[in-house]
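Some notes on the structure that comes next.
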Amino acid sequence: MATSAVSKSLPRSGSGVTPTREGAVRVAAIDIGSNSVRQIVADVSADGTIRVVDEMKAAPRLGAGLSLTNELDPAAMERAVDAITRMHTLAGQLGASRIEGVATSAVREAANGSAFIARVKEATGLRIRVLSGQHEARLTFRSALAHFELGSGRAVVMDIGGGSLELALSADGLVESLESLPLGAIRMTETYLHGDAGRKQVAALRKAVRKALRGQLPYREWRGARVIGSGGTFTNLAGMHLAREGIATARTTHGTSIARAELEHVLEWLQDMPASERATVPGLNPARADIIVAGLAVAAETMARFEARELVVSAYGIREGLLLETARVAPAVVDPGVARERSVREFAERSHYEELHARQVQRLSLQLLDALGPRLGCEPGDRHILSDAALLHDVGYHISYSEHHKHSYHLILHADFLGMTPEEQVAIANIARYHRGPRPKKKHGNFGGLDRALRDRIERLAAILRVADGFDRGHVGTIEKIKVRWLDRALRLTPVPTARTHSLRLELWGASRKSDLLARVAGVPVEIVNPDGSVVPIDAEITESD
């Protein structure tokens, strides 16, 4: 277990309220899910350490019937508001300085979700944030990262709620993709498992899940990845597994390792039972007996998709992730740029980047920006953006060589950087994405939805990065600087070699092959010129793959 966030209950003082630990802040997090509402009150230290003071749980099942009516059931809403009111009161009595409330799938999708939020506000004064599915996945991953060693290798963090399945795919602790699919335990139960579950119904459910995963998760690189399961489906699976192993007295299910074959055995065992009998199974919460089969079926198909041999159960989830998000402390530095530079560098190092090449491309990119920026309409903040994009443009190699530029985009987009605005992070991710391959196009999902000004910015800086990357095609740093001449008929770029260089043939070819976008942005042809003054011809027969 990582030491960055340790969760344990604190003893109460004689007055009934545990004093807040020195140097810590007391925070409460309330997670309003499709099946249950959970609260955790904890002391969070500046280093991210969490010490649980109290917890509370209720199961109003807000998501029940939602797939049929598209609305939250009034009785379920009432139960949920009552539970949240109790939790809010407890948090106040325990001295929480901040209470964070978030809602997930059920409230997000319901036509009357805003009415429910208004009722909570009226009853408690609490402003509930409705999380996107991707934000859910991010919080679950943040929690898993605090409680497992995910800094090495590839991992899939899976959370099955009542309404949706959230997945976070990471490599060496870096998030590559966050996914949310409508495959929650309540939703799938109501759609496929009418009455007592039978083999045919479960088979139909699994087929539907398989189809959904195949269309959404074409991630070959994560086959065989480590799988972490978070949420009630998995803690109950662990409880049943431990009971079957004769260790039902285990203090916690956290960290339980369950083979995929064992999951299939438990699923097969439960699907033949009526719900009334499942309620008596050791290790299974009776309140979950009617939806556990659907949850396990989704888990089994997800493991099959990733060809995982086993999964490890996490007893922590969105609430702990929310606490960590709330408690995040940025380094106290005079210049916020220092924190940004350090976080970008550390991210690059964790991605095992090729530093010499990255630094060379960064240096050449900034030279070109200084020379071309005013004529291309670049802005003052573009220097930081291009610098970071150049340093990180090849981090996608960390996933695989094939289409590494797209992997770079996802890794950068989901990273945690200090001192960087969301718009800057999106720009950096896209600039790295377009350092090779086809130029940016509006039909590209990652690019077309951005506003015009941001698209133009990305095109300008990606055009510079492509040429700079081409000028280090051999990854050996043979070019000292680039001379720029902007003529009426063309933009001429002439490299100056280092003293030890004998030939620039590869670098001249690389820059020439990657100059098309810069020509488009500049509005004139780009000519790559030999130090002897001759223009490098463009060989249309060769396709650039760097």
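Ligands are numbered from 1 in the order shown, chains are lettered A, B, ... in the order of the structure tokens, and residues start at 1 in each chain.
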Show me, as a PyMOL selection string, the residues that have an atom within 9 Å of range 55-62 of chain A when counting only C-alpha atoms, minus same-chain residues fewer than 5 positions from it. chain A and resi 9+32-42+72-73+75-80+83-84+86-87+90+106-107+162+186+287
Write out as a PyMOL selection string each polymer residue whose atoms come within 9 Å of Pro182 in chain A, counting only C-alpha atoms; drop sequence neighbours fewer than 6 positions from it. chain A and resi 105+163-166+188
Dump of N, CA, C and O atoms for the selected residues, as a PDB file, in the first residue's frame:
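Just written: out_30.pdb:
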```
ATOM      1  N   SER A 105     -24.262   8.940 -11.701  1.00  0.00           N
ATOM      2  CA  SER A 105     -25.046   8.527 -12.865  1.00  0.00           C
ATOM      3  C   SER A 105     -26.538   8.838 -12.769  1.00  0.00           C
ATOM      4  O   SER A 105     -27.120   9.427 -13.676  1.00  0.00           O
ATOM      5  N   GLY A 163     -25.685   2.752 -11.953  1.00  0.00           N
ATOM      6  CA  GLY A 163     -26.088   3.156 -13.291  1.00  0.00           C
ATOM      7  C   GLY A 163     -25.030   3.016 -14.357  1.00  0.00           C
ATOM      8  O   GLY A 163     -25.352   2.896 -15.538  1.00  0.00           O
ATOM      9  N   SER A 164     -23.762   3.049 -13.968  1.00  0.00           N
ATOM     10  CA  SER A 164     -22.717   3.079 -14.983  1.00  0.00           C
ATOM     11  C   SER A 164     -21.465   2.336 -14.547  1.00  0.00           C
ATOM     12  O   SER A 164     -21.258   2.058 -13.362  1.00  0.00           O
ATOM     13  N   LEU A 165     -20.650   2.027 -15.536  1.00  0.00           N
ATOM     14  CA  LEU A 165     -19.332   1.429 -15.350  1.00  0.00           C
ATOM     15  C   LEU A 165     -18.299   2.486 -15.700  1.00  0.00           C
ATOM     16  O   LEU A 165     -18.344   3.058 -16.793  1.00  0.00           O
ATOM     17  N   GLU A 166     -17.383   2.755 -14.764  1.00  0.00           N
ATOM     18  CA  GLU A 166     -16.309   3.699 -15.018  1.00  0.00           C
ATOM     19  C   GLU A 166     -14.985   2.942 -15.093  1.00  0.00           C
ATOM     20  O   GLU A 166     -14.729   2.034 -14.299  1.00  0.00           O
ATOM     21  N   MET A 188     -28.596  -2.713 -15.518  1.00  0.00           N
ATOM     22  CA  MET A 188     -28.549  -3.977 -16.233  1.00  0.00           C
ATOM     23  C   MET A 188     -29.508  -5.008 -15.641  1.00  0.00           C
ATOM     24  O   MET A 188     -30.077  -5.840 -16.368  1.00  0.00           O
TER      25      MET A 188
END
```
If you count only C-alpha atoms, the residue of A:Ser365, A:Ser230, A:Gln93, A:Thr253 closest to Ala168 in chain A turns out to be A:Ser230
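Distance annotation: of A:Ala297, A:Val467, A:Ala46, A:Val130, the residue with the minimal separation from Leu237 in chain A is A:Ala297; atom set is only C-alpha atoms.
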I want to know what sits within 6 Å of range 523-532 of chain A, based on only C-alpha atoms, with residues of the same chain fewer than 3 positions away left out; could you give that as a list in words? Ala490, Leu491, Arg492, Leu493, Thr494, Ser512, Ala519, Arg520, Val535 and Val536 of chain A
Write out the residues from the selection above, keeping N, CA, C and O atoms, as an mmCIF file, in the first residue's frame.
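The resulting file, part.cif, is shown below:
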```
data_model
loop_
_atom_site.group_PDB
_atom_site.id
_atom_site.type_symbol
_atom_site.label_atom_id
_atom_site.label_comp_id
_atom_site.auth_asym_id
_atom_site.auth_seq_id
_atom_site.Cartn_x
_atom_site.Cartn_y
_atom_site.Cartn_z
ATOM 1 N N ALA A 490 8.504 32.571 -50.535
ATOM 2 C CA ALA A 490 8.733 31.364 -49.748
ATOM 3 C C ALA A 490 9.308 31.701 -48.378
ATOM 4 O O ALA A 490 9.840 32.802 -48.152
ATOM 5 N N LEU A 491 9.185 30.742 -47.488
ATOM 6 C CA LEU A 491 9.817 30.808 -46.182
ATOM 7 C C LEU A 491 10.987 29.827 -46.208
ATOM 8 O O LEU A 491 10.809 28.639 -46.437
ATOM 9 N N ARG A 492 12.212 30.352 -46.018
ATOM 10 C CA ARG A 492 13.415 29.522 -46.150
ATOM 11 C C ARG A 492 14.015 29.234 -44.767
ATOM 12 O O ARG A 492 14.267 30.147 -43.982
ATOM 13 N N LEU A 493 14.256 27.947 -44.503
ATOM 14 C CA LEU A 493 14.829 27.514 -43.234
ATOM 15 C C LEU A 493 16.138 26.792 -43.523
ATOM 16 O O LEU A 493 16.165 25.782 -44.232
ATOM 17 N N THR A 494 17.230 27.339 -42.960
ATOM 18 C CA THR A 494 18.556 26.774 -43.204
ATOM 19 C C THR A 494 19.180 26.359 -41.880
ATOM 20 O O THR A 494 19.434 27.212 -41.023
ATOM 21 N N SER A 512 11.889 18.617 -44.309
ATOM 22 C CA SER A 512 11.184 18.837 -45.573
ATOM 23 C C SER A 512 9.862 18.070 -45.597
ATOM 24 O O SER A 512 8.830 18.599 -46.011
ATOM 25 N N ALA A 519 3.716 25.475 -44.070
ATOM 26 C CA ALA A 519 3.440 26.193 -45.323
ATOM 27 C C ALA A 519 1.993 26.665 -45.356
ATOM 28 O O ALA A 519 1.704 27.787 -45.790
ATOM 29 N N ARG A 520 1.096 25.814 -44.859
ATOM 30 C CA ARG A 520 -0.328 26.172 -44.832
ATOM 31 C C ARG A 520 -0.565 27.356 -43.892
ATOM 32 O O ARG A 520 -1.278 28.306 -44.228
ATOM 33 N N VAL A 535 18.278 23.955 -52.313
ATOM 34 C CA VAL A 535 16.984 23.633 -51.703
ATOM 35 C C VAL A 535 16.774 22.125 -51.741
ATOM 36 O O VAL A 535 17.013 21.476 -52.773
ATOM 37 N N VAL A 536 16.321 21.584 -50.637
ATOM 38 C CA VAL A 536 16.080 20.146 -50.537
ATOM 39 C C VAL A 536 14.792 19.810 -51.269
ATOM 40 O O VAL A 536 13.736 20.373 -50.964
#
```
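For the pair CA of His414 in chain A and CA of Val426 in chain A, the separation is 9.5 Å.
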Excluding Ile385 in chain A and residues on its chain fewer than 4 positions from it, collect all residues at most 8 Å away from it, counting only C-alpha atoms, and give them as a ChimeraX atom specification. /A:381,389,424,427-428
Please report, as a PyMOL selection string, each residue of range 73-205 of chain A to which DSSP assigns helix (DSSP H, G or I) when run on this structure's backbone. chain A and resi 74-93+105-109+113-124+133-147+185-192+199-205
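Excluding Ala259 in chain A itself and any same-chain residue fewer than 2 positions from it, the protein and nucleic acid residues within 6 Å of it, counting only C-alpha atoms, are Ala261, Glu262, Arg309 and Glu310 of chain A.
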Take the residues from that selection and put them in a file with N, CA, C and O atoms, as a compact mmCIF listing (two decimals), in the first residue's frame.
```txt
# COMPACT_ATOMS: atom_id res chain seq x y z
N ALA A 261 -11.16 -16.93 -12.95
CA ALA A 261 -11.88 -18.20 -12.90
C ALA A 261 -12.77 -18.26 -11.66
O ALA A 261 -13.90 -18.77 -11.71
N GLU A 262 -12.30 -17.72 -10.54
CA GLU A 262 -13.11 -17.71 -9.30
C GLU A 262 -14.32 -16.80 -9.48
O GLU A 262 -15.43 -17.13 -9.02
N ARG A 309 -6.15 -12.01 -15.76
CA ARG A 309 -6.23 -13.28 -15.05
C ARG A 309 -6.83 -13.14 -13.67
O ARG A 309 -7.40 -14.09 -13.12
N GLU A 310 -6.69 -11.95 -13.08
CA GLU A 310 -7.21 -11.74 -11.73
C GLU A 310 -7.50 -10.26 -11.53
O GLU A 310 -7.09 -9.41 -12.34
```
Quick check for you: according to DSSP on this backbone, which residues of range 416-536 of chain A are classed as strand (DSSP E or B)? Reply as a count of residues only. 20
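Residue neighbourhood of Leu131 in chain A, excluding near-sequence residues (fewer than 6 positions): Val102, Ala103, Thr104, Ser105 and Arg108 of chain A, at 9 Å, using only C-alpha atoms.
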Using only C-alpha atoms: which of A:Thr498, A:Thr326, A:Thr189, A:Ser400 has the shortest distance to Leu296 in chain A: A:Thr189
Give me the residues near Leu372 in chain A as a PyMOL selection string, where near means some atom within 10 Å (using only C-alpha atoms) and where sequence neighbours in that chain fewer than 5 positions away do not count. chain A and resi 366-367+377-378+460+464+484-486+491+522
Expressed in Å to a single decimal, how great is the separation between CA of Arg26 in chain A and CA of Ala144 in chain A? 21.2 Å
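One finds CA of Gly449 in chain A at 24.4 Å from CA of Ala212 in chain A.
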